[in-house]
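**Student:** Structure below; questions to follow.
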Amino acid sequence: MSLETNLELNNQLVTRNNELLERLIAALASGVALRPDTVAQVQEYRETALENKAENTIIRKVTLDDLEFSDIIALAAFYPDPQELSETMVQRVVDYRDAEGDKRVVQIDALDSALQGVKRAGHLNKPALLDLSRNILRFWDDLPTIAARREFAERLLDAPADGRHEVKPKTSGKDEERTGPFYCKNVDGSAASELHTLRKLNELLKKGHIEITKVEYLQLQEDFARKNAAKGGTETGDDAGGNTGEQTDFAALRKKAEGLILQLAKGGYRAEAVAILEKQGAKKLGEVADENLSDVIAQAEKALEG
């Protein structure tokens, strides 16, 4: 129902009620009993007015414009392919607003944090923000830091709307530009190495070794340390690079993780610090298991690169 129609009906109701009130006051003043048909007229008019109002009421379908900034980010992650907005989709992103702990999605919170720092993203209409978010998520694995995600978002916004699908993250494509340290393991995963020169890495890759991330390397070292301790031996899991095997110092790892999380929080990246802990099912660092500390450290270092 339009505003004008609603006001007109209300005015008619007020006018009619005033007329009936005048008749009621006059009847009471004269001492004449109120006729039953007068009461019936009041009830009939009220019911008719309400029925007309209900008939003219239109239930408006929820659109993207009814959602909040963070809702759009969640919508892009939950539904990466374009599709008509449904009630189920809307309910899912609205429910995510109050999600806690392991119900939070690190990718959603990380993208939300990144785009909150892109000024132009805050001025986009909701369909454009949804399109921007989906384009970033397409290349998520190539955008490991907040800085990379924000830079890519700016490049997408600079591109014409019909040409954004052609924009891709920047890559050097040159091994010579890479700097260490590097990490690799042998084929069966029984040994891993930390290397500081690209030449040494390439030599081992030619021998069949597999390049891995720092997180994988630290996890392997922890596995080696546990197995070594169980055997009561002094074996090392390092097969190249000249490193000596040592028992993992979890106290040192926890202290380092604590410093990095604190640095993130004080540096304006509290959302990412919380997301890193929540990924481990924890609300504070003390709840993170020793074997997961290396993962926390690696994620925090990546976040700080931005």
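We label chains A, B, ... in the order they appear in the structure tokens, count residues from 1 in each chain, and number ligands from 1 in the order shown.
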Sort by chain and increasing residue number a table of all residues of region 75-138 of chain A within 12 Å of region 286-305 of chain A, each with its closest pair of atoms and their distance in Å to one decimal, counting only C-alpha atoms, and write it as CSV.
**Tutor:**
```
residue,atom,partner,partner_atom,distance
A:Val106,CA,A:Gln299,CA,11.2
A:Ala110,CA,A:Ala303,CA,9.5
A:Ser113,CA,A:Ala303,CA,11.1
A:Ala114,CA,A:Ala303,CA,10.6
```
**Student:** For the selection just defined, write its residues with N, CA, C and O atoms to a file, as a PDB file, in the first residue's frame.
**Tutor:**
```
ATOM      1  N   VAL A 106      36.811 -18.747   8.617  1.00  0.00           N
ATOM      2  CA  VAL A 106      37.997 -17.895   8.577  1.00  0.00           C
ATOM      3  C   VAL A 106      38.047 -17.092   7.283  1.00  0.00           C
ATOM      4  O   VAL A 106      38.364 -15.899   7.276  1.00  0.00           O
ATOM      5  N   ALA A 110      38.202 -13.076   7.123  1.00  0.00           N
ATOM      6  CA  ALA A 110      39.428 -12.487   6.576  1.00  0.00           C
ATOM      7  C   ALA A 110      39.099 -11.558   5.412  1.00  0.00           C
ATOM      8  O   ALA A 110      39.672 -10.462   5.297  1.00  0.00           O
ATOM      9  N   SER A 113      37.484  -8.393   6.763  1.00  0.00           N
ATOM     10  CA  SER A 113      38.509  -7.523   7.333  1.00  0.00           C
ATOM     11  C   SER A 113      39.284  -6.788   6.242  1.00  0.00           C
ATOM     12  O   SER A 113      39.583  -5.594   6.362  1.00  0.00           O
ATOM     13  N   ALA A 114      39.595  -7.499   5.159  1.00  0.00           N
ATOM     14  CA  ALA A 114      40.361  -6.887   4.070  1.00  0.00           C
ATOM     15  C   ALA A 114      39.548  -5.802   3.374  1.00  0.00           C
ATOM     16  O   ALA A 114      40.038  -4.682   3.150  1.00  0.00           O
TER      17      ALA A 114
END
```
**Student:** I'd like the contact shell of region 72-80 of chain A - 8 Å cut-off, only C-alpha atoms, skipping same-chain residues fewer than 3 positions apart - returned as a ChimeraX atom specification.
**Tutor:** /A:64,67-69,83,89,93,96,107-108,111-112,126,129-131,133-134,137
**Student:** Quote the spacing between CA of Pro169 (chain A) and CA of Ala257 (chain A) in Å to one decimal place.
**Tutor:**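 Separation of CA of Pro169 (chain A) and CA of Ala257 (chain A): 29.5 Å.
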**Student:** Where in region 88-300 of chain A does DSSP assign strand (DSSP E), given as a list in words?
**Tutor:**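 DSSP on the backbone gives strand (DSSP E) at Phe182, Tyr183, Cys184, Lys185, Ala192, Ser193, Glu194, Leu195, Ile210, Glu211 and Ile212 of chain A.
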**Student:** Just the selected residues (C-alpha atoms), exported as an mmCIF file, in the first residue's frame, please.
**Tutor:**
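See selection-v6.cif below for the written result:
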```cif
data_model
loop_
_atom_site.group_PDB
_atom_site.id
_atom_site.type_symbol
_atom_site.label_atom_id
_atom_site.label_comp_id
_atom_site.auth_asym_id
_atom_site.auth_seq_id
_atom_site.Cartn_x
_atom_site.Cartn_y
_atom_site.Cartn_z
ATOM 1 C CA PHE A 182 62.506 -22.648 1.454
ATOM 2 C CA TYR A 183 61.161 -25.964 2.695
ATOM 3 C CA CYS A 184 60.999 -29.421 1.129
ATOM 4 C CA LYS A 185 60.551 -33.076 2.057
ATOM 5 C CA ALA A 192 62.245 -32.506 5.682
ATOM 6 C CA SER A 193 64.667 -29.647 5.133
ATOM 7 C CA GLU A 194 64.873 -25.900 5.611
ATOM 8 C CA LEU A 195 66.977 -24.273 2.862
ATOM 9 C CA ILE A 210 58.833 -32.011 -2.886
ATOM 10 C CA GLU A 211 58.603 -28.330 -1.937
ATOM 11 C CA ILE A 212 56.320 -27.671 1.048
#
```
**Student:** For a test of reading the model, state the distance in Å between CA of Leu285 (chain A) and CA of Arg226 (chain A), rounded to one decimal.
**Tutor:** 22.0 Å
